[in-house]
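The next block is data_9.cif, given as mmCIF, C-alpha atoms.
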data_upload
loop_
_atom_site.label_atom_id
_atom_site.label_comp_id
_atom_site.auth_asym_id
_atom_site.auth_seq_id
_atom_site.Cartn_x
_atom_site.Cartn_y
_atom_site.Cartn_z
CA MET A 24 -51.20 124.27 72.91
CA PRO A 25 -51.95 121.09 74.91
CA ASP A 26 -54.38 120.08 72.14
CA LEU A 27 -51.60 120.38 69.54
CA LYS A 28 -49.27 118.28 71.68
CA GLU A 29 -51.95 115.65 72.13
CA LEU A 30 -52.64 115.64 68.38
CA ALA A 31 -48.91 115.30 67.65
CA ARG A 32 -48.67 112.41 70.12
CA ARG A 33 -51.61 110.63 68.53
CA LEU A 34 -50.19 111.11 65.04
CA GLU A 35 -46.86 109.75 66.20
CA GLU A 36 -48.58 106.60 67.48
CA THR A 37 -50.22 105.88 64.12
CA PHE A 38 -48.56 103.54 61.64
CA PRO A 39 -47.40 106.38 59.32
CA GLY A 40 -46.12 108.25 62.37
CA ARG A 41 -44.11 105.25 63.56
CA CYS A 42 -42.71 104.76 60.05
CA ALA A 43 -41.65 108.41 59.91
CA ARG A 44 -40.05 108.17 63.34
CA SER A 45 -38.17 105.00 62.35
CA PHE A 46 -37.05 106.60 59.08
CA LEU A 47 -35.62 109.58 60.93
CA ALA A 48 -34.02 107.38 63.60
CA LEU A 49 -32.42 105.33 60.84
CA GLY A 50 -31.07 108.47 59.17
CA GLY A 51 -32.97 107.52 56.03
CA ILE A 52 -31.98 110.48 53.89
CA ASP A 53 -28.29 110.17 54.73
CA ARG A 54 -28.40 106.42 54.10
CA ALA A 55 -30.12 106.91 50.76
CA MET A 56 -27.51 109.45 49.69
CA VAL A 57 -24.66 107.10 50.61
CA ILE A 58 -26.31 104.12 48.88
CA SER A 59 -27.03 106.13 45.72
CA ALA A 60 -23.47 107.45 45.58
CA GLN A 61 -22.10 103.94 46.05
CA ALA A 62 -24.51 102.64 43.40
CA LEU A 63 -23.27 105.24 40.93
CA THR A 64 -19.68 104.22 41.67
CA ALA A 65 -20.62 100.63 40.81
CA LEU A 66 -22.96 101.44 37.92
CA ILE A 67 -20.55 103.41 35.74
CA PRO A 68 -17.82 100.70 35.72
CA LEU A 69 -20.51 98.06 35.08
CA LEU A 70 -21.85 99.94 32.06
CA LEU A 71 -18.35 100.58 30.74
CA LEU A 72 -17.50 96.90 31.19
CA VAL A 73 -20.63 95.80 29.34
CA SER A 74 -19.82 98.23 26.53
CA THR A 75 -16.24 96.95 26.34
CA LEU A 76 -17.14 93.25 26.31
CA ALA A 77 -19.99 93.64 23.83
CA PRO A 78 -19.40 92.49 20.23
CA ALA A 79 -17.98 95.05 17.84
CA SER A 80 -21.35 95.46 16.15
CA ARG A 81 -23.08 96.09 19.51
CA ARG A 82 -20.67 98.43 21.25
CA ASP A 83 -23.50 100.96 21.60
CA VAL A 84 -25.65 98.52 23.59
CA VAL A 85 -25.41 100.55 26.82
CA SER A 86 -26.17 103.92 25.28
CA THR A 87 -29.00 102.42 23.22
CA ALA A 88 -30.53 100.82 26.32
CA LEU A 89 -30.39 104.08 28.30
CA ILE A 90 -31.82 106.07 25.40
CA ARG A 91 -34.66 103.59 25.02
CA ARG A 92 -35.26 103.35 28.79
CA PHE A 93 -35.63 107.12 29.27
CA GLU A 94 -36.93 107.84 25.76
CA LEU A 95 -34.17 110.36 25.06
CA LYS A 96 -33.90 112.45 21.90
CA GLY A 97 -31.74 115.19 20.46
CA GLU A 98 -28.84 116.52 22.51
CA ALA A 99 -29.62 114.31 25.51
CA ALA A 100 -29.33 111.16 23.37
CA ASP A 101 -26.11 112.43 21.78
CA ALA A 102 -24.62 113.13 25.22
CA VAL A 103 -25.41 109.60 26.41
CA ARG A 104 -23.80 108.12 23.29
CA GLU A 105 -20.69 110.22 23.86
CA VAL A 106 -20.41 109.26 27.53
CA PHE A 107 -20.44 105.54 26.75
CA ALA A 108 -18.56 105.70 23.47
CA GLN A 109 -15.94 102.99 23.09
CA PRO A 110 -12.64 104.48 24.37
CA VAL A 111 -9.15 103.89 23.13
CA GLY A 112 -7.43 101.03 24.97
CA ALA A 113 -10.63 99.11 25.61
CA SER A 114 -8.89 96.12 27.21
CA SER A 115 -7.22 98.23 29.90
CA VAL A 116 -10.50 100.01 30.59
CA GLY A 117 -12.22 96.62 30.91
CA VAL A 118 -9.73 95.37 33.51
CA LEU A 119 -9.96 98.62 35.48
CA SER A 120 -13.76 98.48 35.32
CA VAL A 121 -13.73 94.94 36.76
CA VAL A 122 -11.52 95.99 39.68
CA ILE A 123 -13.58 99.10 40.46
CA LEU A 124 -16.83 97.17 40.02
CA VAL A 125 -15.83 94.47 42.52
CA PHE A 126 -14.76 96.89 45.25
CA SER A 127 -17.61 99.36 44.76
CA GLY A 128 -20.18 96.55 44.41
CA VAL A 129 -19.10 94.88 47.65
CA SER A 130 -19.14 98.24 49.40
CA LEU A 131 -22.66 98.89 48.09
CA ALA A 132 -23.84 95.49 49.32
CA ARG A 133 -22.34 96.12 52.77
CA ARG A 134 -24.04 99.51 53.01
CA MET A 135 -27.38 97.92 52.17
CA GLN A 136 -26.71 95.07 54.60
CA ARG A 137 -26.08 97.53 57.43
CA MET A 138 -29.24 99.43 56.52
CA TYR A 139 -31.37 96.26 56.59
CA GLN A 140 -29.85 95.16 59.90
CA ASP A 141 -30.53 98.51 61.55
CA ALA A 142 -34.07 98.73 60.20
CA TRP A 143 -34.89 95.25 61.51
CA ARG A 144 -32.98 95.93 64.74
CA LEU A 145 -30.60 93.03 64.33
CA GLU A 146 -27.06 92.92 65.63
CA HIS A 147 -24.28 93.35 63.11
CA ARG A 148 -22.54 90.08 62.33
CA ALA A 149 -19.00 89.71 61.13
CA GLY A 150 -17.35 86.62 59.74
CA VAL A 151 -17.21 84.44 56.67
CA ARG A 152 -20.94 83.76 56.44
CA GLY A 153 -21.86 87.43 56.47
CA SER A 154 -19.27 88.23 53.78
CA PHE A 155 -20.41 85.27 51.66
CA ASN A 156 -24.04 86.40 51.82
CA THR A 157 -22.92 89.91 50.87
CA PHE A 158 -21.36 88.53 47.70
CA LEU A 159 -24.49 86.46 47.03
CA GLY A 160 -26.68 89.54 47.45
CA LEU A 161 -24.54 91.49 45.00
CA GLY A 162 -24.61 88.60 42.54
CA ALA A 163 -28.40 88.28 42.86
CA LEU A 164 -28.81 91.98 42.13
CA LEU A 165 -26.64 91.83 39.00
CA LEU A 166 -28.28 88.59 37.83
CA ASP A 167 -31.79 89.99 38.25
CA ILE A 168 -30.88 93.14 36.30
CA ALA A 169 -29.42 91.04 33.48
CA LEU A 170 -32.39 88.63 33.35
CA LEU A 171 -34.90 91.48 33.49
CA ALA A 172 -33.15 93.27 30.61
CA LEU A 173 -33.12 90.04 28.59
CA ALA A 174 -36.80 89.37 29.29
CA ARG A 175 -37.77 92.90 28.29
CA SER A 176 -35.82 92.66 25.04
CA LEU A 177 -37.61 89.39 24.19
CA VAL A 178 -41.05 90.69 25.16
CA ARG A 179 -40.56 93.95 23.26
CA ALA A 180 -40.65 92.05 19.96
CA LEU A 181 -44.14 90.70 20.72
CA PRO A 182 -47.43 92.49 20.03
CA LEU A 183 -48.92 94.23 23.05
CA ASP A 184 -45.62 93.78 24.85
CA TRP A 185 -46.77 95.76 27.89
CA LEU A 186 -49.28 93.00 28.76
CA LEU A 187 -46.36 90.69 29.47
CA GLY A 188 -43.84 93.35 30.47
CA VAL A 189 -45.78 94.60 33.47
CA PRO A 190 -46.28 91.17 35.15
CA ILE A 191 -42.66 90.24 34.47
CA SER A 192 -41.43 93.47 36.05
CA LEU A 193 -43.68 93.03 39.09
CA VAL A 194 -42.75 89.40 39.70
CA SER A 195 -39.02 89.99 39.20
CA GLY A 196 -39.14 93.08 41.44
CA LEU A 197 -40.95 91.19 44.20
CA LEU A 198 -38.41 88.36 44.04
CA LEU A 199 -35.49 90.77 43.97
CA TRP A 200 -36.53 92.97 46.90
CA THR A 201 -37.53 89.95 48.99
CA PHE A 202 -34.58 87.69 48.27
CA ILE A 203 -31.81 90.30 48.58
CA PRO A 204 -32.81 91.43 52.12
CA TRP A 205 -33.12 87.78 53.13
CA LEU A 206 -29.57 87.15 51.94
CA LEU A 207 -28.10 90.30 53.46
CA LEU A 208 -29.82 89.56 56.77
CA ASP A 209 -28.13 86.12 56.80
CA GLY A 210 -31.53 84.40 56.78
CA ARG A 211 -32.28 85.63 60.32
CA VAL A 212 -35.64 86.97 59.11
CA ARG A 213 -37.86 84.48 57.34
CA TRP A 214 -38.42 85.37 53.70
CA ARG A 215 -42.20 85.46 54.13
CA ARG A 216 -41.84 88.27 56.66
CA LEU A 217 -39.91 90.20 54.02
CA LEU A 218 -42.70 89.96 51.43
CA PRO A 219 -44.34 93.26 52.53
CA THR A 220 -40.98 95.00 52.12
CA GLY A 221 -40.60 93.51 48.65
CA ALA A 222 -44.16 94.41 47.70
CA VAL A 223 -43.81 98.06 48.78
CA ALA A 224 -40.43 98.43 47.04
CA THR A 225 -41.76 96.82 43.84
CA LEU A 226 -44.91 98.95 43.74
CA CYS A 227 -43.12 102.23 44.46
CA SER A 228 -40.26 101.53 42.06
CA GLY A 229 -42.78 100.59 39.35
CA VAL A 230 -44.66 103.86 39.78
CA TYR A 231 -41.38 105.77 39.83
CA GLY A 232 -40.26 103.93 36.69
CA VAL A 233 -43.32 105.23 34.84
CA ALA A 234 -42.81 108.74 36.23
CA SER A 235 -39.12 108.74 35.25
CA THR A 236 -40.02 108.20 31.59
CA ILE A 237 -41.91 111.49 31.79
CA TYR A 238 -39.46 113.77 33.57
CA MET A 239 -36.06 112.17 32.85
CA PRO A 240 -35.96 113.12 29.13
CA ARG A 241 -36.57 116.76 30.01
CA MET A 242 -34.07 116.68 32.86
CA MET A 243 -31.34 115.04 30.79
CA GLU A 244 -31.91 117.41 27.91
CA SER A 245 -31.79 120.43 30.22
CA TYR A 246 -28.73 119.22 32.11
CA SER A 247 -26.85 118.23 28.96
CA GLU A 248 -27.47 121.71 27.51
CA ARG A 249 -26.20 123.38 30.70
CA TYR A 250 -23.38 121.10 31.81
CA GLY A 251 -22.54 118.95 28.80
CA LEU A 252 -21.48 115.37 29.51
CA PHE A 253 -21.46 116.03 33.26
CA GLY A 254 -25.18 116.74 33.04
CA VAL A 255 -25.88 113.11 32.09
CA THR A 256 -24.06 111.90 35.21
CA LEU A 257 -25.87 114.49 37.33
CA ALA A 258 -29.26 113.29 36.08
CA LEU A 259 -28.29 109.68 36.83
CA VAL A 260 -27.32 110.70 40.37
CA GLY A 261 -30.77 112.16 40.97
CA TRP A 262 -32.40 109.06 39.51
CA LEU A 263 -30.38 106.70 41.71
CA LEU A 264 -31.06 108.86 44.79
CA SER A 265 -34.80 108.51 44.24
CA ILE A 266 -34.46 104.73 43.91
CA ALA A 267 -32.35 104.58 47.07
CA LEU A 268 -35.00 106.59 48.96
CA ILE A 269 -37.61 104.09 47.78
CA VAL A 270 -35.51 101.13 48.96
CA VAL A 271 -34.80 102.67 52.38
CA GLY A 272 -38.41 103.80 52.82
CA ALA A 273 -39.79 100.38 51.81
CA THR A 274 -37.42 98.71 54.26
CA VAL A 275 -38.60 100.94 57.10
CA VAL A 276 -42.27 100.39 56.24
CA GLY A 277 -41.78 96.61 55.98
CA ALA A 278 -39.93 96.36 59.29
CA GLU A 279 -42.49 98.57 61.06
CA PHE A 280 -45.33 96.56 59.53
CA ASP A 281 -43.76 93.40 60.92
CA ARG A 282 -43.69 94.95 64.41
CA SER A 283 -47.17 96.45 64.19
CA GLN A 284 -49.92 94.95 66.35
CA GLY A 285 -52.74 96.50 64.35
CA TRP A 286 -55.52 94.22 63.15
CA PHE A 287 -54.64 94.61 59.48
CA ALA A 288 -50.95 93.86 59.99
CA ARG A 289 -51.74 90.84 62.14
CA ARG A 290 -54.25 89.57 59.59
CA VAL A 291 -51.75 89.89 56.75
CA ARG A 292 -49.04 88.14 58.77
CA SER A 293 -51.48 85.42 59.70
CA GLY A 294 -52.38 84.96 56.03
CA LEU A 295 -48.69 84.64 55.19
CA GLY A 296 -48.19 82.22 58.07
CA VAL A 297 -45.64 84.48 59.75
CA GLU A 298 -47.45 85.94 62.73
CA THR A 299 -44.53 87.13 64.85
CA GLN A 300 -43.64 84.64 67.56
CA PRO A 301 -41.90 85.44 70.88
CA GLU A 302 -38.71 83.71 69.74
CA ASP A 303 -38.60 86.03 66.70
CA ARG A 304 -38.77 89.04 68.99
CA ALA A 305 -35.86 87.67 71.01
CA VAL A 306 -33.69 87.56 67.89
CA GLU A 307 -34.45 91.22 67.16
CA ALA A 308 -33.07 92.46 70.48
#
Just dump the structure as structure tokens.
Amino acid sequence: MPDLKELARRLEETFPGRCARSFLALGGIDRAMVISAQALTALIPLLLLVSTLAPASRRDVVSTALIRRFELKGEAADAVREVFAQPVGASSVGVLSVVILVFSGVSLARRMQRMYQDAWRLEHRAGVRGSFNTFLGLGALLLDIALLALARSLVRALPLDWLLGVPISLVSGLLLWTFIPWLLLDGRVRWRRLLPTGAVATLCSGVYGVASTIYMPRMMESYSERYGLFGVTLALVGWLLSIALIVVGATVVGAEFDRSQGWFARRVRSGLGVETQPEDRAVEA
């Protein structure tokens, strides 16, 4: 029994053990569930708004993008088309979507801001600057999604599109998951120190993106057969929850890596020119 306790203590002192302890202390699963639910609340109005504002000949742009992204066929593809079909009274739906999108988007950004602050052990700041950076973070997220979709549509027309698509996705993901935490943390953590967080989030989300093209078609087809249109939403909830877990987990790993005094962590920070200084520790009280 003492040997097991000693082994558990040693495992807890390792880097993976500290990351697991920080994840549990942060309430990582609960945070991911809240973030994914808030993301769904913002995503549906955004997709409806895009569908409403699209030209008459491209009103199926959202459903087509989702079908292509998850490689859907048969009943699953038909269910997605029906969910995002152009409704009657499109103008009123567009106005309502804008209102819901603004409130749910700001709420999502605030949830992520609180998560980043707690993971990096920073005090919560109120005021105009914090709110302004929250709006900037939300805008950066939407802008990156739009630019990434545009870049993929342009690259898809080229031969061997994956040769360009993979680097574009990696670079845009690294910029996104480094710049957004920097904004939501009000610049209190230097952006170079956030590069490991961005790298982990980009790598994990890229792997998950490949995996989702394998299991999502089967899941959507199964759920649409069982639950109809609600099955599509249910599959999207699971997909967003997985992404939220990746974001929360990458944040915990990045923050713990920044605090680690191991030789590898110190060497990486030294290479980035961000070896943690005493004044940085004082900020993270």
Find the spatial neighbours of Glu298 (chain A), counting only C-alpha atoms, within a cut-off of 9 Å - ignore same-chain residues fewer than 3 positions away - and output them as JSON, numbers by chain.
{"A": [216, 281, 289, 290, 291, 292, 293, 294, 295]}
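Note on the selection: in this file the PyMOL selection byres ((chain A and resi 204) around 9) comes out as Met135, Gln136, Tyr139, Gly160, Leu199, Trp200, Thr201, Phe202, Ile203, Trp205, Leu206, Leu207, Leu208, Asp209, Gly210, Val212, Trp214, Leu217, Thr220, Gly221 and Thr274 of chain A.
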Residues picked by the PyMOL selection byres ((chain A and resi 240-252) around 12) here, as a PyMOL selection string?
chain A and resi 89-108+234-239+253-262
Please enclose the listed atoms of region 265-271 of chain A in an axis-aligned box, pad each side by 3 Å, and write out the centre and the three edge lengths in Å, rounded to one decimal, as lines of an AutoDock Vina configuration file.
center_x = -35.0
center_y = 104.8
center_z = 48.1
size_x = 11.3
size_y = 13.4
size_z = 14.5
I'd like the neighbourhood of Met138 (chain A) as a list of chain:residue names, where a residue qualifies if any of its atoms comes within 8 Å (using only C-alpha atoms), though same-chain residues fewer than 4 positions away should be ignored.
A:Leu49, A:Arg54, A:Arg134, A:Ala142, A:Val271
Rank A:Arg282, A:Arg33, A:Arg215, A:Arg133 by their smallest atom-to-atom distance to Ala62 (chain A), using all atoms listed in the file, and report the top residue only.
A:Arg133
I need the residue set behind the PyMOL selection byres ((chain A and resi 126) around 12) for this file; please write it as a compact mmCIF listing (two decimals) with C-alpha atoms, keeping the file's coordinate frame.
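And here's result_30.txt as it stands now:
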# COMPACT_ATOMS: atom_id res chain seq x y z
CA GLN A 61 -22.10 103.94 46.05
CA ALA A 62 -24.51 102.64 43.40
CA THR A 64 -19.68 104.22 41.67
CA ALA A 65 -20.62 100.63 40.81
CA LEU A 66 -22.96 101.44 37.92
CA PRO A 68 -17.82 100.70 35.72
CA LEU A 69 -20.51 98.06 35.08
CA LEU A 119 -9.96 98.62 35.48
CA SER A 120 -13.76 98.48 35.32
CA VAL A 121 -13.73 94.94 36.76
CA VAL A 122 -11.52 95.99 39.68
CA ILE A 123 -13.58 99.10 40.46
CA LEU A 124 -16.83 97.17 40.02
CA VAL A 125 -15.83 94.47 42.52
CA SER A 127 -17.61 99.36 44.76
CA GLY A 128 -20.18 96.55 44.41
CA VAL A 129 -19.10 94.88 47.65
CA SER A 130 -19.14 98.24 49.40
CA LEU A 131 -22.66 98.89 48.09
CA ALA A 132 -23.84 95.49 49.32
CA ARG A 133 -22.34 96.12 52.77
CA PHE A 158 -21.36 88.53 47.70
CA LEU A 161 -24.54 91.49 45.00
Using CA of His147 (chain A) and CA of Gly162 (chain A) as the two end points, give the distance in Å to one decimal.
21.1 Å
In Å to one decimal, how far is CA of Gly277 (chain A) from CA of Leu193 (chain A)?
17.4 Å
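Distance-wise, CA of Trp143 (chain A) and CA of Val276 (chain A) end up 10.4 Å apart.
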All residues 10 Å or closer to Ile269 (chain A), only C-alpha atoms, same chain fewer than 4 positions away omitted, as a ChimeraX atom specification
/A:55,223-228,231,263-265,273-275
